[in-house]
Amino acid sequence: SHPPSRPSSRTARSPPMSILEYNGGCVLAMAGKNCVAIAGDTRLGIQNTTIACDANRIFKMEDRLFLGLTGLMSDITTLENTFKFKLNLYRMKEGRSVKPETFSALVSSTLYEKRFGPYFAEPVIAGLDKDNKPFLCSMDLLGCVAETTTFAVSGTCADSLFGTCETFYRPDLEPDQLFETISQSLLAALDRDCLSGWGAVVHVITPEGVTTKYLKARMD
């Protein structure tokens with residue numbers, strides 16, 4: 001009888017998947033001249049299987065403050081409700097709206113207090129302060145803050161987003177230019193990632209208000 005065959009060492013093994021990539025998705029925020037924009041895709045999947053194409057990853061926290069979350073969709077929903085609850089308590093206690101810097105500290109501490117069993121979500125915060133100056137920051141799942149004055153990215157196609165943003169971004173963009181720049185940066189990166197896409201939504205925040213537009217993207 002033949003000896004049992006050994007498994008070939010050449011067998012291709014896919015690397016283990018991060019739980020942050022399980023549902024796919026990405027978020028991008030970009031600063032302009034007295035304006036800021038935040039955009040995300042609308043795909044919800046289970047690995048390579050698409051479940052829905054109307055998922056929401058960007059949430060309005062204040063009139064001129066938005067939060068984007070990528071990662072596990074169940075934790076995204078939990079965090080959305082947690083932050084809205086904490087902001088309601090803040091408004092009742094302080095009698096005023098929360099500033100972007102204060103909200104950033106709230107998000108960071110909320111994530112860090114669960115560091116031994118973390119929420120599998122990575123936030124991107126975009127807003128305007130009282131002087132209409134853009135505020136941008138991103139975090140990892142433990143709440144480590146990275147503030148920036150240009151753009152912040154998160155999600156499964158973050159590497160591609162860094163490349164497209166560094167190519168297209170220019171400082172002091174007007175709102176219309178900012179919308180075009182963030183849209184083209186996002187769509188170019190989505191086409192290089194099979195876990196993101198199927199449409200996108202863009203919010204442009206200005207001192208006058210918020211403009212929301214929906215983008216069509218490849219659905220294959």
# chains A, B, ... in the order shown; residues from 1 in each chain; ligands from 1
$ closest_atom_pairs --of "stretch 141-184 of chain A" --to "stretch 45-58 of chain A" --cutoff "12 Å" --atoms "only C-alpha atoms" --output "CSV"
residue,atom,partner,partner_atom,distance
A:Ser154,CA,A:Arg57,CA,11.2
A:Gly155,CA,A:Arg57,CA,10.7
A:Thr156,CA,A:Gln47,CA,11.0
$ residues_around --residues "A:Thr211" --least-positions-apart "3" --cutoff "10 Å" --atoms "only C-alpha atoms" --output "number ranges by chain"
A: 37, 175, 179, 202-206, 208
$ write_last_selection --atoms "N, CA and C atoms" --output "CSV table (one decimal), in the first residue's frame"
chain,number,residue,atom,x,y,z
A,37,ALA,N,-15.9,67.9,3.8
A,37,ALA,CA,-16.8,66.9,3.2
A,37,ALA,C,-16.4,65.5,3.7
A,175,PRO,N,-16.4,74.7,-2.0
A,175,PRO,CA,-17.3,73.6,-1.8
A,175,PRO,C,-17.6,72.7,-3.0
A,179,PHE,N,-16.4,68.9,-3.5
A,179,PHE,CA,-17.3,67.8,-3.8
A,179,PHE,C,-16.7,66.9,-5.0
A,202,VAL,N,-22.2,61.5,-0.4
A,202,VAL,CA,-21.2,62.6,-0.1
A,202,VAL,C,-22.0,63.7,0.7
A,203,HIS,N,-21.5,64.1,1.8
A,203,HIS,CA,-22.0,65.2,2.5
A,203,HIS,C,-21.0,66.3,2.5
A,204,VAL,N,-21.4,67.5,2.0
A,204,VAL,CA,-20.5,68.7,2.0
A,204,VAL,C,-21.0,69.7,3.1
A,205,ILE,N,-20.2,70.0,4.1
A,205,ILE,CA,-20.6,70.8,5.2
A,205,ILE,C,-20.0,72.2,5.0
A,206,THR,N,-20.9,73.2,4.9
A,206,THR,CA,-20.4,74.6,4.8
A,206,THR,C,-21.1,75.4,5.9
A,208,GLU,N,-23.2,77.6,5.6
A,208,GLU,CA,-24.6,77.8,5.2
A,208,GLU,C,-25.5,76.6,5.5
$ closest_atom_pairs --of "stretch 109-216 of chain A" --to "stretch 18-23 of chain A" --cutoff "9 Å" --atoms "only C-alpha atoms" --output "Markdown table"
| residue | atom | partner | partner_atom | distance |
| --- | --- | --- | --- | --- |
| A:Phe120 | CA | A:Leu20 | CA | 5.9 |
| A:Ala121 | CA | A:Leu20 | CA | 6.8 |
| A:Glu122 | CA | A:Leu20 | CA | 8.4 |
| A:Gly155 | CA | A:Glu21 | CA | 7.5 |
| A:Thr156 | CA | A:Glu21 | CA | 6.0 |
| A:Leu195 | CA | A:Asn23 | CA | 7.6 |
| A:Ser196 | CA | A:Asn23 | CA | 8.9 |
$ write_last_selection --atoms "all heavy atoms" --output "PDB file, in the first residue's frame"
ATOM      1  N   PHE A 120     -15.328  46.679  17.078  1.00  0.00           N
ATOM      2  CA  PHE A 120     -14.573  46.522  15.835  1.00  0.00           C
ATOM      3  C   PHE A 120     -15.046  47.567  14.823  1.00  0.00           C
ATOM      4  O   PHE A 120     -15.704  47.250  13.824  1.00  0.00           O
ATOM      5  CB  PHE A 120     -14.728  45.101  15.293  1.00  0.00           C
ATOM      6  CG  PHE A 120     -14.100  44.071  16.189  1.00  0.00           C
ATOM      7  CD1 PHE A 120     -14.883  43.196  16.912  1.00  0.00           C
ATOM      8  CD2 PHE A 120     -12.726  44.007  16.322  1.00  0.00           C
ATOM      9  CE1 PHE A 120     -14.303  42.250  17.748  1.00  0.00           C
ATOM     10  CE2 PHE A 120     -12.135  43.065  17.163  1.00  0.00           C
ATOM     11  CZ  PHE A 120     -12.924  42.193  17.874  1.00  0.00           C
ATOM     12  N   ALA A 121     -14.726  48.808  15.101  1.00  0.00           N
ATOM     13  CA  ALA A 121     -15.113  49.920  14.235  1.00  0.00           C
ATOM     14  C   ALA A 121     -14.058  51.004  14.321  1.00  0.00           C
ATOM     15  O   ALA A 121     -13.480  51.236  15.390  1.00  0.00           O
ATOM     16  CB  ALA A 121     -16.482  50.470  14.630  1.00  0.00           C
ATOM     17  N   GLU A 122     -13.808  51.664  13.194  1.00  0.00           N
ATOM     18  CA  GLU A 122     -12.812  52.736  13.137  1.00  0.00           C
ATOM     19  C   GLU A 122     -13.492  54.025  12.683  1.00  0.00           C
ATOM     20  O   GLU A 122     -14.019  54.092  11.575  1.00  0.00           O
ATOM     21  CB  GLU A 122     -11.674  52.355  12.186  1.00  0.00           C
ATOM     22  CG  GLU A 122     -10.909  51.132  12.668  1.00  0.00           C
ATOM     23  CD  GLU A 122      -9.734  50.764  11.785  1.00  0.00           C
ATOM     24  OE1 GLU A 122      -9.809  51.007  10.566  1.00  0.00           O
ATOM     25  OE2 GLU A 122      -8.752  50.221  12.310  1.00  0.00           O
ATOM     26  N   GLY A 155     -11.255  52.092   6.309  1.00  0.00           N
ATOM     27  CA  GLY A 155     -11.995  51.049   5.607  1.00  0.00           C
ATOM     28  C   GLY A 155     -11.109  50.097   4.835  1.00  0.00           C
ATOM     29  O   GLY A 155      -9.879  50.150   4.892  1.00  0.00           O
ATOM     30  N   THR A 156     -11.776  49.220   4.064  1.00  0.00           N
ATOM     31  CA  THR A 156     -11.046  48.151   3.382  1.00  0.00           C
ATOM     32  C   THR A 156     -10.197  48.650   2.227  1.00  0.00           C
ATOM     33  O   THR A 156      -9.239  47.995   1.839  1.00  0.00           O
ATOM     34  CB  THR A 156     -12.026  47.074   2.859  1.00  0.00           C
ATOM     35  OG1 THR A 156     -12.994  47.698   2.016  1.00  0.00           O
ATOM     36  CG2 THR A 156     -12.729  46.386   4.008  1.00  0.00           C
ATOM     37  N   LEU A 195     -14.556  44.702  -1.809  1.00  0.00           N
ATOM     38  CA  LEU A 195     -15.369  44.710  -0.593  1.00  0.00           C
ATOM     39  C   LEU A 195     -16.070  46.041  -0.354  1.00  0.00           C
ATOM     40  O   LEU A 195     -16.768  46.206   0.634  1.00  0.00           O
ATOM     41  CB  LEU A 195     -14.496  44.372   0.621  1.00  0.00           C
ATOM     42  CG  LEU A 195     -13.822  42.997   0.610  1.00  0.00           C
ATOM     43  CD1 LEU A 195     -12.998  42.805   1.868  1.00  0.00           C
ATOM     44  CD2 LEU A 195     -14.852  41.882   0.473  1.00  0.00           C
ATOM     45  N   SER A 196     -15.856  47.014  -1.239  1.00  0.00           N
ATOM     46  CA  SER A 196     -16.495  48.329  -1.115  1.00  0.00           C
ATOM     47  C   SER A 196     -17.154  48.687  -2.431  1.00  0.00           C
ATOM     48  O   SER A 196     -16.859  48.098  -3.471  1.00  0.00           O
ATOM     49  CB  SER A 196     -15.461  49.411  -0.747  1.00  0.00           C
ATOM     50  OG  SER A 196     -14.754  49.063   0.399  1.00  0.00           O
TER      51      SER A 196
END
$ closest_residue --among "A:Phe85, A:Ala29, A:Met139, A:Met17" --to "A:Phe151" --atoms "only C-alpha atoms"
A:Ala29
$ select_by_dssp --residues "stretch 51-214 of chain A" --states "strand (DSSP E)" --output "PyMOL selection string"
chain A and resi 51-52+58-62+65-71+121-128+134-139+145-148+151-155+200-206+209-214
$ residues_around --residues "A:Leu186" --least-positions-apart "4" --cutoff "12 Å" --atoms "only C-alpha atoms" --output "PyMOL selection string"
chain A and resi 25-30+37-42+151-155+157-169+179-182+190-193+196-202+215-217
$ atom_distance --atom1 "atom CA of A:Arg64" --atom2 "atom CA of A:Gly127"
5.4 Å
$ atom_distance --atom1 "atom CA of A:Tyr112" --atom2 "atom CA of A:Leu79"
12.8 Å
$ atom_distance --atom1 "atom CA of A:Ile125" --atom2 "atom CA of A:Leu67"
4.7 Å
